[in-house]
file data-v7.cif (mmCIF, N, CA and C atoms)
data_start
loop_
_atom_site.group_PDB
_atom_site.id
_atom_site.type_symbol
_atom_site.label_atom_id
_atom_site.label_comp_id
_atom_site.auth_asym_id
_atom_site.auth_seq_id
_atom_site.Cartn_x
_atom_site.Cartn_y
_atom_site.Cartn_z
ATOM 1 N N MET K 299 -64.030 118.884 55.026
ATOM 2 C CA MET K 299 -64.524 117.851 55.909
ATOM 3 C C MET K 299 -66.031 117.920 55.998
ATOM 4 N N ASP K 300 -66.637 116.771 56.109
ATOM 5 C CA ASP K 300 -68.089 116.729 56.158
ATOM 6 C C ASP K 300 -68.657 116.681 57.570
ATOM 7 N N GLY K 301 -67.906 116.161 58.513
ATOM 8 C CA GLY K 301 -68.430 115.981 59.860
ATOM 9 C C GLY K 301 -67.834 116.928 60.860
ATOM 10 N N PRO K 302 -68.114 116.661 62.118
ATOM 11 C CA PRO K 302 -67.555 117.499 63.181
ATOM 12 C C PRO K 302 -66.037 117.402 63.223
ATOM 13 N N ASP K 303 -65.408 118.440 63.733
ATOM 14 C CA ASP K 303 -63.943 118.460 63.748
ATOM 15 C C ASP K 303 -63.394 118.663 65.159
ATOM 16 N N GLU K 304 -62.085 118.546 65.275
ATOM 17 C CA GLU K 304 -61.405 118.775 66.537
ATOM 18 C C GLU K 304 -60.253 119.763 66.354
ATOM 19 N N TRP K 305 -60.525 120.859 65.662
ATOM 20 C CA TRP K 305 -59.554 121.938 65.546
ATOM 21 C C TRP K 305 -59.677 122.788 66.794
ATOM 22 N N TYR K 306 -58.580 122.994 67.471
ATOM 23 C CA TYR K 306 -58.573 123.749 68.719
ATOM 24 C C TYR K 306 -57.159 124.293 68.942
ATOM 25 N N THR K 307 -57.032 125.193 69.918
ATOM 26 C CA THR K 307 -55.734 125.721 70.315
ATOM 27 C C THR K 307 -55.696 125.771 71.835
ATOM 28 N N VAL K 308 -54.641 125.182 72.399
ATOM 29 C CA VAL K 308 -54.473 125.205 73.854
ATOM 30 C C VAL K 308 -53.310 126.129 74.216
ATOM 31 N N LEU K 309 -53.207 126.428 75.482
ATOM 32 C CA LEU K 309 -52.109 127.252 75.971
ATOM 33 C C LEU K 309 -50.774 126.586 75.650
ATOM 34 N N ASP K 310 -49.773 127.399 75.394
ATOM 35 C CA ASP K 310 -48.443 126.863 75.101
ATOM 36 C C ASP K 310 -47.962 125.937 76.212
ATOM 37 N N SER K 311 -48.224 126.303 77.443
ATOM 38 C CA SER K 311 -47.767 125.491 78.573
ATOM 39 C C SER K 311 -48.400 124.103 78.569
ATOM 40 N N VAL K 312 -49.658 124.001 78.164
ATOM 41 C CA VAL K 312 -50.348 122.709 78.082
ATOM 42 C C VAL K 312 -49.731 121.877 76.965
ATOM 43 N N TRP K 313 -49.524 122.498 75.817
ATOM 44 C CA TRP K 313 -48.946 121.811 74.657
ATOM 45 C C TRP K 313 -47.534 121.309 74.973
ATOM 46 N N GLU K 314 -46.750 122.159 75.609
ATOM 47 C CA GLU K 314 -45.379 121.789 75.970
ATOM 48 C C GLU K 314 -45.360 120.665 77.001
ATOM 49 N N HIS K 315 -46.250 120.728 77.966
ATOM 50 C CA HIS K 315 -46.326 119.684 78.989
ATOM 51 C C HIS K 315 -46.633 118.330 78.359
ATOM 52 N N ALA K 316 -47.402 118.334 77.277
ATOM 53 C CA ALA K 316 -47.739 117.096 76.574
ATOM 54 C C ALA K 316 -46.600 116.621 75.680
ATOM 55 N N GLY K 317 -45.587 117.476 75.497
ATOM 56 C CA GLY K 317 -44.470 117.114 74.625
ATOM 57 C C GLY K 317 -44.903 116.986 73.174
ATOM 58 N N ALA K 318 -45.859 117.815 72.782
ATOM 59 C CA ALA K 318 -46.437 117.710 71.447
ATOM 60 C C ALA K 318 -45.543 118.295 70.357
ATOM 61 N N GLY K 319 -44.646 119.179 70.699
ATOM 62 C CA GLY K 319 -43.738 119.748 69.708
ATOM 63 C C GLY K 319 -44.354 120.858 68.893
ATOM 64 N N GLU K 320 -43.492 121.676 68.359
ATOM 65 C CA GLU K 320 -43.924 122.825 67.559
ATOM 66 C C GLU K 320 -44.531 122.355 66.243
ATOM 67 N N GLY K 321 -45.672 122.919 65.904
ATOM 68 C CA GLY K 321 -46.320 122.608 64.637
ATOM 69 C C GLY K 321 -47.037 121.274 64.617
ATOM 70 N N GLY K 322 -47.145 120.618 65.768
ATOM 71 C CA GLY K 322 -47.814 119.329 65.831
ATOM 72 C C GLY K 322 -49.326 119.459 65.845
ATOM 73 N N ILE K 323 -49.981 118.358 65.550
ATOM 74 C CA ILE K 323 -51.440 118.296 65.578
ATOM 75 C C ILE K 323 -51.819 117.014 66.309
ATOM 76 N N LEU K 324 -52.706 117.135 67.280
ATOM 77 C CA LEU K 324 -53.195 115.978 68.020
ATOM 78 C C LEU K 324 -54.702 116.069 68.188
ATOM 79 N N CYS K 325 -55.379 114.930 68.121
ATOM 80 C CA CYS K 325 -56.800 114.931 68.454
ATOM 81 C C CYS K 325 -56.916 115.120 69.962
ATOM 82 N N VAL K 326 -58.093 115.423 70.429
ATOM 83 C CA VAL K 326 -58.321 115.662 71.852
ATOM 84 C C VAL K 326 -57.896 114.449 72.676
ATOM 85 N N GLY K 327 -58.269 113.260 72.254
ATOM 86 C CA GLY K 327 -57.936 112.043 72.990
ATOM 87 C C GLY K 327 -56.442 111.812 73.107
ATOM 88 N N CYS K 328 -55.698 112.073 72.036
ATOM 89 C CA CYS K 328 -54.245 111.883 72.062
ATOM 90 C C CYS K 328 -53.573 112.903 72.973
ATOM 91 N N LEU K 329 -54.044 114.145 72.943
ATOM 92 C CA LEU K 329 -53.473 115.157 73.830
ATOM 93 C C LEU K 329 -53.757 114.790 75.281
ATOM 94 N N GLU K 330 -54.976 114.364 75.565
ATOM 95 C CA GLU K 330 -55.323 113.984 76.931
ATOM 96 C C GLU K 330 -54.498 112.784 77.401
ATOM 97 N N ALA K 331 -54.253 111.842 76.524
ATOM 98 C CA ALA K 331 -53.437 110.678 76.886
ATOM 99 C C ALA K 331 -52.026 111.118 77.253
ATOM 100 N N ARG K 332 -51.480 112.055 76.504
ATOM 101 C CA ARG K 332 -50.136 112.562 76.805
ATOM 102 C C ARG K 332 -50.108 113.333 78.117
ATOM 103 N N LEU K 333 -51.184 114.062 78.401
ATOM 104 C CA LEU K 333 -51.265 114.840 79.637
ATOM 105 C C LEU K 333 -51.587 113.956 80.838
ATOM 106 N N GLY K 334 -52.241 112.845 80.596
ATOM 107 C CA GLY K 334 -52.675 111.983 81.683
ATOM 108 C C GLY K 334 -53.899 112.505 82.402
ATOM 109 N N ARG K 335 -54.653 113.365 81.721
ATOM 110 C CA ARG K 335 -55.875 113.938 82.302
ATOM 111 C C ARG K 335 -56.770 114.467 81.191
ATOM 112 N N ARG K 336 -57.999 114.765 81.563
ATOM 113 C CA ARG K 336 -58.961 115.353 80.639
ATOM 114 C C ARG K 336 -58.690 116.852 80.510
ATOM 115 N N LEU K 337 -58.856 117.380 79.306
ATOM 116 C CA LEU K 337 -58.717 118.829 79.092
ATOM 117 C C LEU K 337 -59.831 119.574 79.806
ATOM 118 N N ARG K 338 -59.495 120.781 80.258
ATOM 119 C CA ARG K 338 -60.459 121.659 80.919
ATOM 120 C C ARG K 338 -60.568 122.949 80.105
ATOM 121 N N ARG K 339 -61.647 123.661 80.296
ATOM 122 C CA ARG K 339 -61.874 124.919 79.564
ATOM 123 C C ARG K 339 -60.684 125.863 79.712
ATOM 124 N N ARG K 340 -60.116 125.943 80.878
ATOM 125 C CA ARG K 340 -59.005 126.880 81.114
ATOM 126 C C ARG K 340 -57.717 126.467 80.400
ATOM 127 N N ASP K 341 -57.676 125.274 79.803
ATOM 128 C CA ASP K 341 -56.509 124.839 79.025
ATOM 129 C C ASP K 341 -56.469 125.473 77.637
ATOM 130 N N PHE K 342 -57.600 125.981 77.173
ATOM 131 C CA PHE K 342 -57.713 126.525 75.827
ATOM 132 C C PHE K 342 -57.469 128.028 75.802
ATOM 133 N N VAL K 343 -56.853 128.510 74.729
ATOM 134 C CA VAL K 343 -56.646 129.950 74.586
ATOM 135 C C VAL K 343 -57.966 130.619 74.236
ATOM 136 N N ASP K 344 -58.039 131.911 74.488
ATOM 137 C CA ASP K 344 -59.220 132.694 74.152
ATOM 138 C C ASP K 344 -59.140 133.052 72.670
ATOM 139 N N ALA K 345 -59.832 132.276 71.848
ATOM 140 C CA ALA K 345 -59.815 132.481 70.400
ATOM 141 C C ALA K 345 -61.140 132.007 69.814
ATOM 142 N N ALA K 346 -61.529 132.589 68.695
ATOM 143 C CA ALA K 346 -62.781 132.205 68.036
ATOM 144 C C ALA K 346 -62.833 130.708 67.763
ATOM 145 N N LEU K 347 -61.707 130.136 67.406
ATOM 146 C CA LEU K 347 -61.638 128.705 67.110
ATOM 147 C C LEU K 347 -62.120 127.860 68.292
ATOM 148 N N ASN K 348 -61.921 128.352 69.502
ATOM 149 C CA ASN K 348 -62.302 127.621 70.700
ATOM 150 C C ASN K 348 -63.675 128.006 71.246
ATOM 151 N N ASP K 349 -64.404 128.831 70.537
ATOM 152 C CA ASP K 349 -65.756 129.214 70.937
ATOM 153 C C ASP K 349 -66.687 128.033 70.652
ATOM 154 N N PRO K 350 -67.423 127.540 71.647
ATOM 155 C CA PRO K 350 -68.311 126.407 71.425
ATOM 156 C C PRO K 350 -69.354 126.647 70.331
ATOM 157 N N ASP K 351 -69.672 127.905 70.067
ATOM 158 C CA ASP K 351 -70.671 128.229 69.039
ATOM 159 C C ASP K 351 -70.062 128.484 67.667
ATOM 160 N N TYR K 352 -68.748 128.309 67.536
ATOM 161 C CA TYR K 352 -68.054 128.551 66.274
ATOM 162 C C TYR K 352 -67.761 127.212 65.605
ATOM 163 N N GLY K 353 -68.076 127.102 64.360
ATOM 164 C CA GLY K 353 -67.732 125.901 63.607
ATOM 165 C C GLY K 353 -68.561 124.688 63.951
ATOM 166 N N ARG K 354 -68.002 123.534 63.643
ATOM 167 C CA ARG K 354 -68.699 122.258 63.840
ATOM 168 C C ARG K 354 -67.831 121.329 64.685
ATOM 169 N N HIS K 355 -67.719 121.644 65.965
ATOM 170 C CA HIS K 355 -66.884 120.874 66.874
ATOM 171 C C HIS K 355 -67.452 119.475 67.123
ATOM 172 N N SER K 356 -66.553 118.529 67.357
ATOM 173 C CA SER K 356 -66.984 117.188 67.746
ATOM 174 C C SER K 356 -67.626 117.268 69.139
ATOM 175 N N PRO K 357 -68.506 116.320 69.453
ATOM 176 C CA PRO K 357 -69.094 116.311 70.798
ATOM 177 C C PRO K 357 -68.024 116.241 71.893
ATOM 178 N N ARG K 358 -66.954 115.499 71.643
ATOM 179 C CA ARG K 358 -65.884 115.385 72.631
ATOM 180 C C ARG K 358 -65.230 116.744 72.877
ATOM 181 N N LEU K 359 -64.890 117.463 71.801
ATOM 182 C CA LEU K 359 -64.281 118.777 71.959
ATOM 183 C C LEU K 359 -65.256 119.754 72.602
ATOM 184 N N LEU K 360 -66.504 119.734 72.175
ATOM 185 C CA LEU K 360 -67.505 120.630 72.773
ATOM 186 C C LEU K 360 -67.602 120.445 74.274
ATOM 187 N N SER K 361 -67.547 119.199 74.727
ATOM 188 C CA SER K 361 -67.660 118.954 76.161
ATOM 189 C C SER K 361 -66.492 119.553 76.925
ATOM 190 N N ARG K 362 -65.335 119.701 76.288
ATOM 191 C CA ARG K 362 -64.176 120.312 76.948
ATOM 192 C C ARG K 362 -64.211 121.835 76.857
ATOM 193 N N LEU K 363 -64.842 122.368 75.815
ATOM 194 C CA LEU K 363 -64.896 123.812 75.612
ATOM 195 C C LEU K 363 -65.977 124.505 76.443
ATOM 196 N N ARG K 364 -66.936 123.752 76.903
ATOM 197 C CA ARG K 364 -68.019 124.332 77.711
ATOM 198 C C ARG K 364 -67.468 124.806 79.049
ATOM 199 N N ALA K 365 -68.085 125.832 79.594
ATOM 200 C CA ALA K 365 -67.640 126.394 80.872
ATOM 201 C C ALA K 365 -67.680 125.339 81.965
ATOM 202 N N GLU K 366 -66.697 125.400 82.854
ATOM 203 C CA GLU K 366 -66.632 124.478 83.982
ATOM 204 C C GLU K 366 -67.558 124.954 85.090
ATOM 205 N N HIS K 367 -68.094 124.019 85.789
ATOM 206 C CA HIS K 367 -69.017 124.357 86.894
ATOM 207 C C HIS K 367 -68.316 124.151 88.211
#

call {"tool": "encode", "arguments": {"input": "data-v7.cif", "output": "structure tokens"}}
result
Amino acid sequence: MDGPDEWYTVLDSVWEHAGAGEGGILCVGCLEARLGRRLRRRDFVDAALNDPDYGRHSPRLLSRLRAEH
């Protein structure tokens, strides 16, 4: 891929609540639509993939990965 990406991992409970299914892939917007809310930092697992300084995250994903105030 040439541009920013939206590879991320959320908690199993968040994924299950969205009804995303095992092995599924959703963009941030689609997951949020299923949840009926915006993703928060605490929804993501503690993994390098979710580090805001790792990789080339989309601006949308970066805004969700940043620490909450």

call {"tool": "closest_residue", "arguments": {"input": "data-v7.cif", "among": "K:Glu314, K:Ala331, K:Glu304, K:Val343", "to": "K:Leu359", "atoms": "all atoms listed in the file"}}
result
K:Glu304

call {"tool": "atom_distance", "arguments": {"input": "data-v7.cif", "atom1": "atom N of K:Gly319", "atom2": "atom C of K:Leu347"}}
result
19.7 Å

call {"tool": "atom_distance", "arguments": {"input": "data-v7.cif", "atom1": "atom N of K:Leu337", "atom2": "atom N of K:Ser311"}}
result
14.0 Å

call {"tool": "residues_around", "arguments": {"input": "data-v7.cif", "residues": "K:Val308", "least_positions_apart": "4", "cutoff": "6 Å", "atoms": "all atoms listed in the file", "output": "PyMOL selection string"}}
result
chain K and resi 312-313+341-343

call {"tool": "atom_distance", "arguments": {"input": "data-v7.cif", "atom1": "atom CA of K:Gly317", "atom2": "atom N of K:Gly334"}}
result
10.7 Å

call {"tool": "closest_residue", "arguments": {"input": "data-v7.cif", "among": "K:Arg339, K:Trp305, K:Arg364, K:Tyr352", "to": "K:Ile323", "atoms": "only C-alpha atoms"}}
result
K:Trp305

call {"tool": "select_by_dssp", "arguments": {"input": "data-v7.cif", "residues": "chain K", "states": "strand (DSSP E or B)", "output": "list in words"}}
result
Asp303, Val308, Phe342 and His355 of chain K

call {"tool": "select_by_dssp", "arguments": {"input": "data-v7.cif", "residues": "stretch 315-344 of chain K", "states": "alpha helix (DSSP H)", "output": "list in words"}}
result
His315, Val326, Gly327, Cys328, Leu329, Glu330, Ala331, Arg332 and Leu333 of chain K

call {"tool": "resolve_selection", "arguments": {"input": "data-v7.cif", "expression": "the PyMOL selection byres (((chain K and resi 350 and name CA) around 8) and name CA)", "output": "PyMOL selection string"}}
result
chain K and resi 348-349+351-353+355+360+363-364

call {"tool": "write_last_selection", "arguments": {"input": "data-v7.cif", "atoms": "N, CA and C atoms", "output": "PDB file, in the coordinates of the input"}}
result
ATOM      1  N   ASN K 348     -61.921 128.352  69.502  1.00  0.00           N
ATOM      2  CA  ASN K 348     -62.302 127.621  70.700  1.00  0.00           C
ATOM      3  C   ASN K 348     -63.675 128.006  71.246  1.00  0.00           C
ATOM      4  N   ASP K 349     -64.404 128.831  70.537  1.00  0.00           N
ATOM      5  CA  ASP K 349     -65.756 129.214  70.937  1.00  0.00           C
ATOM      6  C   ASP K 349     -66.687 128.033  70.652  1.00  0.00           C
ATOM      7  N   ASP K 351     -69.672 127.905  70.067  1.00  0.00           N
ATOM      8  CA  ASP K 351     -70.671 128.229  69.039  1.00  0.00           C
ATOM      9  C   ASP K 351     -70.062 128.484  67.667  1.00  0.00           C
ATOM     10  N   TYR K 352     -68.748 128.309  67.536  1.00  0.00           N
ATOM     11  CA  TYR K 352     -68.054 128.551  66.274  1.00  0.00           C
ATOM     12  C   TYR K 352     -67.761 127.212  65.605  1.00  0.00           C
ATOM     13  N   GLY K 353     -68.076 127.102  64.360  1.00  0.00           N
ATOM     14  CA  GLY K 353     -67.732 125.901  63.607  1.00  0.00           C
ATOM     15  C   GLY K 353     -68.561 124.688  63.951  1.00  0.00           C
ATOM     16  N   HIS K 355     -67.719 121.644  65.965  1.00  0.00           N
ATOM     17  CA  HIS K 355     -66.884 120.874  66.874  1.00  0.00           C
ATOM     18  C   HIS K 355     -67.452 119.475  67.123  1.00  0.00           C
ATOM     19  N   LEU K 360     -66.504 119.734  72.175  1.00  0.00           N
ATOM     20  CA  LEU K 360     -67.505 120.630  72.773  1.00  0.00           C
ATOM     21  C   LEU K 360     -67.602 120.445  74.274  1.00  0.00           C
ATOM     22  N   LEU K 363     -64.842 122.368  75.815  1.00  0.00           N
ATOM     23  CA  LEU K 363     -64.896 123.812  75.612  1.00  0.00           C
ATOM     24  C   LEU K 363     -65.977 124.505  76.443  1.00  0.00           C
ATOM     25  N   ARG K 364     -66.936 123.752  76.903  1.00  0.00           N
ATOM     26  CA  ARG K 364     -68.019 124.332  77.711  1.00  0.00           C
ATOM     27  C   ARG K 364     -67.468 124.806  79.049  1.00  0.00           C
TER      28      ARG K 364
END

call {"tool": "build_atoms", "arguments": {"input": "data-v7.cif", "residues": "stretch 321-343 of chain K", "atoms": "N, CA, C and O atoms", "output": "tab-separated table (two decimals), keeping the file's coordinate frame"}}
result
chain	number	residue	atom	x	y	z
K	321	GLY	N	-45.67	122.92	65.90
K	321	GLY	CA	-46.32	122.61	64.64
K	321	GLY	C	-47.04	121.27	64.62
K	321	GLY	O	-47.52	120.84	63.58
K	322	GLY	N	-47.14	120.62	65.77
K	322	GLY	CA	-47.81	119.33	65.83
K	322	GLY	C	-49.33	119.46	65.84
K	322	GLY	O	-49.88	120.51	66.13
K	323	ILE	N	-49.98	118.36	65.55
K	323	ILE	CA	-51.44	118.30	65.58
K	323	ILE	C	-51.82	117.01	66.31
K	323	ILE	O	-51.30	115.94	66.00
K	324	LEU	N	-52.71	117.14	67.28
K	324	LEU	CA	-53.20	115.98	68.02
K	324	LEU	C	-54.70	116.07	68.19
K	324	LEU	O	-55.23	117.16	68.41
K	325	CYS	N	-55.38	114.93	68.12
K	325	CYS	CA	-56.80	114.93	68.45
K	325	CYS	C	-56.92	115.12	69.96
K	325	CYS	O	-55.94	114.98	70.71
K	326	VAL	N	-58.09	115.42	70.43
K	326	VAL	CA	-58.32	115.66	71.85
K	326	VAL	C	-57.90	114.45	72.68
K	326	VAL	O	-57.21	114.57	73.69
K	327	GLY	N	-58.27	113.26	72.25
K	327	GLY	CA	-57.94	112.04	72.99
K	327	GLY	C	-56.44	111.81	73.11
K	327	GLY	O	-55.95	111.41	74.16
K	328	CYS	N	-55.70	112.07	72.04
K	328	CYS	CA	-54.24	111.88	72.06
K	328	CYS	C	-53.57	112.90	72.97
K	328	CYS	O	-52.64	112.56	73.70
K	329	LEU	N	-54.04	114.14	72.94
K	329	LEU	CA	-53.47	115.16	73.83
K	329	LEU	C	-53.76	114.79	75.28
K	329	LEU	O	-52.88	114.86	76.13
K	330	GLU	N	-54.98	114.36	75.56
K	330	GLU	CA	-55.32	113.98	76.93
K	330	GLU	C	-54.50	112.78	77.40
K	330	GLU	O	-54.08	112.74	78.55
K	331	ALA	N	-54.25	111.84	76.52
K	331	ALA	CA	-53.44	110.68	76.89
K	331	ALA	C	-52.03	111.12	77.25
K	331	ALA	O	-51.44	110.62	78.22
K	332	ARG	N	-51.48	112.06	76.50
K	332	ARG	CA	-50.14	112.56	76.81
K	332	ARG	C	-50.11	113.33	78.12
K	332	ARG	O	-49.12	113.29	78.84
K	333	LEU	N	-51.18	114.06	78.40
K	333	LEU	CA	-51.26	114.84	79.64
K	333	LEU	C	-51.59	113.96	80.84
K	333	LEU	O	-51.29	114.33	81.98
K	334	GLY	N	-52.24	112.84	80.60
K	334	GLY	CA	-52.68	111.98	81.68
K	334	GLY	C	-53.90	112.50	82.40
K	334	GLY	O	-54.16	112.16	83.55
K	335	ARG	N	-54.65	113.36	81.72
K	335	ARG	CA	-55.88	113.94	82.30
K	335	ARG	C	-56.77	114.47	81.19
K	335	ARG	O	-56.36	114.63	80.05
K	336	ARG	N	-58.00	114.76	81.56
K	336	ARG	CA	-58.96	115.35	80.64
K	336	ARG	C	-58.69	116.85	80.51
K	336	ARG	O	-58.33	117.52	81.48
K	337	LEU	N	-58.86	117.38	79.31
K	337	LEU	CA	-58.72	118.83	79.09
K	337	LEU	C	-59.83	119.57	79.81
K	337	LEU	O	-60.96	119.08	79.93
K	338	ARG	N	-59.50	120.78	80.26
K	338	ARG	CA	-60.46	121.66	80.92
K	338	ARG	C	-60.57	122.95	80.10
K	338	ARG	O	-59.65	123.30	79.37
K	339	ARG	N	-61.65	123.66	80.30
K	339	ARG	CA	-61.87	124.92	79.56
K	339	ARG	C	-60.68	125.86	79.71
K	339	ARG	O	-60.27	126.50	78.76
K	340	ARG	N	-60.12	125.94	80.88
K	340	ARG	CA	-59.00	126.88	81.11
K	340	ARG	C	-57.72	126.47	80.40
K	340	ARG	O	-56.77	127.24	80.38
K	341	ASP	N	-57.68	125.27	79.80
K	341	ASP	CA	-56.51	124.84	79.03
K	341	ASP	C	-56.47	125.47	77.64
K	341	ASP	O	-55.42	125.48	76.99
K	342	PHE	N	-57.60	125.98	77.17
K	342	PHE	CA	-57.71	126.52	75.83
K	342	PHE	C	-57.47	128.03	75.80
K	342	PHE	O	-57.84	128.73	76.74
K	343	VAL	N	-56.85	128.51	74.73
K	343	VAL	CA	-56.65	129.95	74.59
K	343	VAL	C	-57.97	130.62	74.24
K	343	VAL	O	-58.90	129.97	73.73
